[in-house]
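Colleague: Sharing model-v2.txt, compact mmCIF, C-alpha atoms:
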```
# COMPACT_ATOMS: atom_id res chain seq x y z
CA MET A 202 5.26 15.53 -11.92
CA SER A 203 3.36 15.06 -15.16
CA HIS A 204 -0.10 13.58 -15.27
CA SER A 205 -1.68 11.40 -17.90
CA ALA A 206 -4.37 12.74 -20.20
CA CYS A 207 -7.10 11.57 -17.84
CA GLY A 208 -5.72 13.73 -15.01
CA CYS A 209 -5.51 10.94 -12.43
CA PRO A 210 -2.04 10.65 -10.84
CA GLY A 211 -2.75 6.95 -10.27
CA SER A 212 -2.76 6.43 -14.04
CA MET A 213 0.75 7.80 -14.47
CA ALA A 214 3.04 5.29 -16.22
CA ARG A 215 5.78 3.94 -13.97
CA VAL A 216 8.44 1.27 -14.19
CA ILE A 217 8.79 -0.93 -11.11
CA GLU A 218 12.38 -2.06 -10.73
CA ARG A 219 12.78 -5.62 -9.51
CA THR A 220 15.83 -7.70 -8.72
CA GLU A 221 15.93 -11.11 -10.35
CA THR A 222 15.11 -13.97 -8.00
CA ALA A 223 16.50 -17.47 -8.20
CA GLU A 224 14.34 -19.74 -10.30
CA ASP A 225 12.44 -22.28 -8.24
CA ASN A 226 13.50 -25.76 -9.31
CA GLY A 227 10.52 -27.35 -7.59
CA SER A 228 7.54 -28.35 -9.67
CA ALA A 229 4.99 -27.14 -7.11
CA LYS A 230 2.81 -24.28 -8.27
CA ALA A 231 0.67 -22.09 -6.09
CA ALA A 232 -2.87 -23.42 -5.96
CA SER A 233 -5.81 -21.23 -6.88
CA GLU A 234 -7.99 -20.28 -3.92
CA LEU A 235 -10.88 -19.15 -6.14
CA ARG A 236 -14.10 -20.73 -4.90
CA GLN A 237 -16.65 -19.43 -7.39
CA TRP A 238 -17.42 -17.99 -10.81
CA PRO A 239 -18.16 -15.30 -11.88
CA VAL A 240 -16.07 -12.84 -9.89
CA GLN A 241 -16.89 -9.49 -11.57
CA LEU A 242 -19.24 -7.47 -9.33
CA HIS A 243 -21.43 -6.61 -12.33
CA LEU A 244 -22.02 -10.34 -12.89
CA VAL A 245 -22.39 -11.86 -9.42
CA PRO A 246 -25.96 -12.33 -8.23
CA PRO A 247 -26.54 -11.00 -4.69
CA THR A 248 -28.17 -14.32 -3.75
CA ALA A 249 -25.29 -16.47 -5.03
CA PRO A 250 -24.78 -19.42 -2.67
CA TRP A 251 -21.11 -18.60 -2.08
CA PHE A 252 -22.07 -15.41 -0.19
CA ALA A 253 -24.08 -17.36 2.41
CA ASP A 254 -22.25 -17.59 5.74
CA SER A 255 -19.05 -16.26 4.18
CA ASP A 256 -16.13 -13.94 4.54
CA VAL A 257 -16.28 -11.62 1.52
CA LEU A 258 -13.39 -10.05 -0.36
CA ILE A 259 -14.19 -7.02 -2.51
CA ALA A 260 -11.00 -6.40 -4.51
CA ALA A 261 -10.02 -3.76 -7.01
CA ASP A 262 -9.17 -5.41 -10.33
CA CYS A 263 -5.46 -4.52 -10.16
CA VAL A 264 -4.83 -5.97 -6.70
CA ALA A 265 -4.48 -9.58 -7.84
CA PHE A 266 -1.85 -8.54 -10.40
CA ALA A 267 0.15 -6.33 -8.03
CA LEU A 268 0.13 -8.66 -5.02
CA GLY A 269 1.96 -11.83 -6.01
CA SER A 270 0.60 -13.69 -2.99
CA PHE A 271 -3.01 -12.58 -3.58
CA HIS A 272 -4.51 -16.09 -3.43
CA GLY A 273 -2.82 -17.13 -0.20
CA ASP A 274 -2.83 -13.76 1.55
CA LEU A 275 -6.26 -12.37 0.68
CA LEU A 276 -8.49 -14.78 -1.26
CA LYS A 277 -8.18 -18.05 0.66
CA GLY A 278 -11.50 -18.99 2.25
CA LYS A 279 -13.37 -15.94 0.93
CA ALA A 280 -16.13 -15.25 -1.57
CA LEU A 281 -14.80 -12.78 -4.14
CA ALA A 282 -16.15 -9.84 -6.10
CA ILE A 283 -13.83 -7.64 -8.17
CA ALA A 284 -14.44 -4.15 -9.49
CA CYS A 285 -12.67 -1.07 -10.79
CA PRO A 286 -13.99 2.20 -9.35
CA LYS A 287 -12.32 4.17 -12.16
CA LEU A 288 -13.17 2.23 -15.31
CA ASP A 289 -16.41 0.41 -14.46
CA ASP A 290 -19.88 1.91 -14.57
CA THR A 291 -20.27 1.90 -10.78
CA ALA A 292 -23.78 3.37 -10.59
CA THR A 293 -25.26 0.12 -9.27
CA TYR A 294 -22.34 -1.10 -7.16
CA VAL A 295 -23.46 0.34 -3.81
CA GLU A 296 -26.96 -1.05 -4.24
CA LYS A 297 -25.68 -4.49 -5.30
CA MET A 298 -23.18 -4.76 -2.44
CA ALA A 299 -25.83 -3.60 0.05
CA ALA A 300 -28.06 -6.42 -1.21
CA ILE A 301 -25.23 -8.95 -0.86
CA PHE A 302 -24.62 -7.85 2.73
CA ARG A 303 -28.35 -7.65 3.58
CA LEU A 304 -29.43 -10.97 2.01
CA ASN A 305 -26.59 -13.13 3.34
CA GLU A 306 -24.99 -13.96 6.64
CA VAL A 307 -21.70 -12.29 5.78
CA LYS A 308 -19.19 -12.83 8.59
CA SER A 309 -16.60 -10.26 7.50
CA ILE A 310 -15.72 -7.95 4.62
CA THR A 311 -12.22 -7.27 3.36
CA VAL A 312 -11.76 -4.47 0.85
CA ALA A 313 -8.51 -4.70 -1.12
CA ILE A 314 -7.52 -1.58 -3.04
CA MET A 315 -4.44 -0.13 -4.66
CA GLU A 316 -2.64 2.87 -3.17
CA VAL A 317 -3.61 5.15 -6.07
CA PRO A 318 -6.23 7.84 -5.32
CA CYS A 319 -8.72 6.55 -7.89
CA CYS A 320 -8.99 3.23 -6.04
CA ARG A 321 -10.17 4.80 -2.78
CA GLY A 322 -13.64 5.04 -4.34
CA LEU A 323 -14.13 1.28 -3.99
CA ASP A 324 -13.55 1.49 -0.23
CA VAL A 325 -16.03 4.38 -0.01
CA MET A 326 -18.65 2.40 -1.99
CA VAL A 327 -18.28 -0.68 0.22
CA ARG A 328 -18.70 1.43 3.36
CA GLN A 329 -21.81 3.09 1.88
CA ALA A 330 -23.22 -0.32 0.96
CA LEU A 331 -22.57 -1.67 4.46
CA SER A 332 -24.36 1.34 5.94
CA GLN A 333 -27.33 0.86 3.58
CA SER A 334 -27.51 -2.85 4.39
CA GLY A 335 -28.37 -2.09 8.00
CA LYS A 336 -25.95 -4.77 9.19
CA ASP A 337 -22.97 -4.52 11.50
CA ILE A 338 -20.31 -6.58 9.73
CA PRO A 339 -16.60 -6.31 10.57
CA LEU A 340 -14.79 -4.51 7.74
CA GLU A 341 -11.06 -4.29 7.02
CA THR A 342 -9.42 -2.31 4.23
CA VAL A 343 -6.11 -3.54 2.82
CA THR A 344 -4.07 -1.20 0.63
CA ILE A 345 -1.52 -2.56 -1.83
CA GLY A 346 1.27 -0.41 -3.21
CA ILE A 347 1.95 -0.32 -6.92
CA ASN A 348 5.18 -2.17 -6.12
CA GLY A 349 3.14 -5.08 -4.73
CA GLN A 350 3.80 -4.39 -1.07
CA ARG A 351 1.01 -4.29 1.49
CA ARG A 352 0.72 -0.76 2.91
CA ASN A 353 -1.17 -1.60 6.11
```
Can you turn what I pasted into C-alpha cells?
Modeller:
Amino acid sequence: MSHSACGCPGSMARVIERTETAEDNGSAKAASELRQWPVQLHLVPPTAPWFADSDVLIAADCVAFALGSFHGDLLKGKALAIACPKLDDTATYVEKMAAIFRLNEVKSITVAIMEVPCCRGLDVMVRQALSQSGKDIPLETVTIGINGQRRN
C-alpha cells in the first residue's frame, strides 16, 4: 500500500466504483435541512441562538459529500457545526465546543466522522470538550465509509 506525501493513509487517492442508477423522472428535489448560518466551527458563536435547547451535530467536512442522505439522515432537526481535524487549525476547537455545551441546554450531540484515521481526532475533541463542559449530554458517534455507507 502506498501512502500520499503527507503520510496519512486516509489521504490516499481512491476511485469509488458505482453502478448507474435510473434517473428520477420526478421533479421533487431533496429539501435542505440546514437551520442556520454559518456552519464552520471557527465561525459559529458559542452563544448562537440555534444551540439553545438543541440537538447538535458536529460533522467532519467530508461527511456531507460522502453520505448522499446527509440532510435527512443526520442533519434534520439539529444545529450544525462542521470541522476538519486534519486541515483546520484545531487549537481552539475543544474550548469552543466546551463553551457551546456549557452555555446552552444541548439535548444531544452527534459526531459524524469519516472512517479514515485522521478523522477520529474530531470525535476525540468533542469528547474532551464534553468533559470540560461539566455536563452530561448523550453523545453518539456515526462513522461514514469513504463509499458513503454508514459503518455503525
Colleague: Would you pick out the contacts of A:Ala265 at 12 Å or less, using all atoms listed in the file, so that residues sharing its chain but fewer than 3 positions from it are not included, and give the list as a PyMOL selection string?
Modeller: chain A and resi 233-235+258-262+268-276+281-284+313-315+344-347+349-350
Colleague: Between atom CA of A:Lys277 and atom CA of A:Val257, measure the distance and give it in Å to one decimal.
Modeller: 10.4 Å
Colleague: Rounded to one decimal in Å, what is the spacing between atom CA of A:Thr248 and atom CA of A:Val264?
Modeller: 25.0 Å
Colleague: From the list A:Ala292, A:Ala330, A:Met298, A:Leu304, which residue is nearest A:Leu242 when using all atoms listed in the file?
Modeller: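 Using all atoms listed in the file, the shortest distance to A:Leu242 belongs to A:Met298.
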Colleague: Which is closest to A:Asp254 among A:Ala280, A:Ala267, A:Ala300, A:Cys320, if we use only C-alpha atoms?
Modeller: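 Checking each candidate against A:Asp254, we get A:Ala280 as the closest.
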Colleague: Is there a way to complete stretch 290-312 of chain A with N, CA and C atoms and then write that out as a PDB file, in the coordinates of the input?
Modeller:
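To be explicit, this is the file written out as selection-v7.pdb:
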```pdb
ATOM      1  N   ASP A 290     -18.682   1.114 -14.845  1.00  0.00           N
ATOM      2  CA  ASP A 290     -19.880   1.910 -14.570  1.00  0.00           C
ATOM      3  C   ASP A 290     -20.330   1.477 -13.180  1.00  0.00           C
ATOM      4  N   THR A 291     -20.060   2.292 -12.179  1.00  0.00           N
ATOM      5  CA  THR A 291     -20.270   1.900 -10.780  1.00  0.00           C
ATOM      6  C   THR A 291     -21.621   2.337 -10.216  1.00  0.00           C
ATOM      7  N   ALA A 292     -22.499   2.828 -11.060  1.00  0.00           N
ATOM      8  CA  ALA A 292     -23.780   3.370 -10.590  1.00  0.00           C
ATOM      9  C   ALA A 292     -24.547   2.373  -9.723  1.00  0.00           C
ATOM     10  N   THR A 293     -24.474   1.098 -10.019  1.00  0.00           N
ATOM     11  CA  THR A 293     -25.260   0.120  -9.270  1.00  0.00           C
ATOM     12  C   THR A 293     -24.466  -0.634  -8.210  1.00  0.00           C
ATOM     13  N   TYR A 294     -23.179  -0.332  -8.086  1.00  0.00           N
ATOM     14  CA  TYR A 294     -22.340  -1.100  -7.160  1.00  0.00           C
ATOM     15  C   TYR A 294     -22.784  -1.000  -5.703  1.00  0.00           C
ATOM     16  N   VAL A 295     -23.081   0.189  -5.215  1.00  0.00           N
ATOM     17  CA  VAL A 295     -23.460   0.340  -3.810  1.00  0.00           C
ATOM     18  C   VAL A 295     -24.728  -0.462  -3.533  1.00  0.00           C
ATOM     19  N   GLU A 296     -25.692  -0.326  -4.406  1.00  0.00           N
ATOM     20  CA  GLU A 296     -26.960  -1.050  -4.240  1.00  0.00           C
ATOM     21  C   GLU A 296     -26.735  -2.572  -4.260  1.00  0.00           C
ATOM     22  N   LYS A 297     -25.924  -3.050  -5.195  1.00  0.00           N
ATOM     23  CA  LYS A 297     -25.680  -4.490  -5.300  1.00  0.00           C
ATOM     24  C   LYS A 297     -24.943  -5.020  -4.076  1.00  0.00           C
ATOM     25  N   MET A 298     -23.914  -4.301  -3.626  1.00  0.00           N
ATOM     26  CA  MET A 298     -23.180  -4.760  -2.440  1.00  0.00           C
ATOM     27  C   MET A 298     -24.058  -4.706  -1.205  1.00  0.00           C
ATOM     28  N   ALA A 299     -24.896  -3.679  -1.083  1.00  0.00           N
ATOM     29  CA  ALA A 299     -25.830  -3.600   0.050  1.00  0.00           C
ATOM     30  C   ALA A 299     -26.743  -4.816   0.062  1.00  0.00           C
ATOM     31  N   ALA A 300     -27.210  -5.233  -1.116  1.00  0.00           N
ATOM     32  CA  ALA A 300     -28.060  -6.420  -1.210  1.00  0.00           C
ATOM     33  C   ALA A 300     -27.292  -7.680  -0.803  1.00  0.00           C
ATOM     34  N   ILE A 301     -26.052  -7.798  -1.253  1.00  0.00           N
ATOM     35  CA  ILE A 301     -25.230  -8.950  -0.860  1.00  0.00           C
ATOM     36  C   ILE A 301     -25.107  -9.013   0.652  1.00  0.00           C
ATOM     37  N   PHE A 302     -24.811  -7.891   1.277  1.00  0.00           N
ATOM     38  CA  PHE A 302     -24.620  -7.850   2.730  1.00  0.00           C
ATOM     39  C   PHE A 302     -25.944  -8.090   3.462  1.00  0.00           C
ATOM     40  N   ARG A 303     -27.036  -7.546   2.950  1.00  0.00           N
ATOM     41  CA  ARG A 303     -28.350  -7.650   3.580  1.00  0.00           C
ATOM     42  C   ARG A 303     -28.940  -9.057   3.450  1.00  0.00           C
ATOM     43  N   LEU A 304     -28.764  -9.699   2.303  1.00  0.00           N
ATOM     44  CA  LEU A 304     -29.430 -10.970   2.010  1.00  0.00           C
ATOM     45  C   LEU A 304     -28.651 -12.198   2.464  1.00  0.00           C
ATOM     46  N   ASN A 305     -27.439 -12.004   2.950  1.00  0.00           N
ATOM     47  CA  ASN A 305     -26.590 -13.130   3.340  1.00  0.00           C
ATOM     48  C   ASN A 305     -26.031 -12.934   4.732  1.00  0.00           C
ATOM     49  N   GLU A 306     -25.659 -14.031   5.347  1.00  0.00           N
ATOM     50  CA  GLU A 306     -24.990 -13.960   6.640  1.00  0.00           C
ATOM     51  C   GLU A 306     -23.490 -13.798   6.393  1.00  0.00           C
ATOM     52  N   VAL A 307     -23.100 -12.586   6.038  1.00  0.00           N
ATOM     53  CA  VAL A 307     -21.700 -12.290   5.780  1.00  0.00           C
ATOM     54  C   VAL A 307     -20.990 -12.108   7.121  1.00  0.00           C
ATOM     55  N   LYS A 308     -19.909 -12.869   7.318  1.00  0.00           N
ATOM     56  CA  LYS A 308     -19.190 -12.830   8.590  1.00  0.00           C
ATOM     57  C   LYS A 308     -18.199 -11.677   8.667  1.00  0.00           C
ATOM     58  N   SER A 309     -17.569 -11.355   7.534  1.00  0.00           N
ATOM     59  CA  SER A 309     -16.600 -10.260   7.500  1.00  0.00           C
ATOM     60  C   SER A 309     -16.456  -9.779   6.064  1.00  0.00           C
ATOM     61  N   ILE A 310     -15.974  -8.536   5.936  1.00  0.00           N
ATOM     62  CA  ILE A 310     -15.720  -7.950   4.620  1.00  0.00           C
ATOM     63  C   ILE A 310     -14.285  -7.434   4.610  1.00  0.00           C
ATOM     64  N   THR A 311     -13.547  -7.823   3.591  1.00  0.00           N
ATOM     65  CA  THR A 311     -12.220  -7.270   3.360  1.00  0.00           C
ATOM     66  C   THR A 311     -12.275  -6.521   2.045  1.00  0.00           C
ATOM     67  N   VAL A 312     -11.842  -5.277   2.062  1.00  0.00           N
ATOM     68  CA  VAL A 312     -11.760  -4.470   0.850  1.00  0.00           C
ATOM     69  C   VAL A 312     -10.274  -4.363   0.513  1.00  0.00           C
TER      70      VAL A 312
END
```
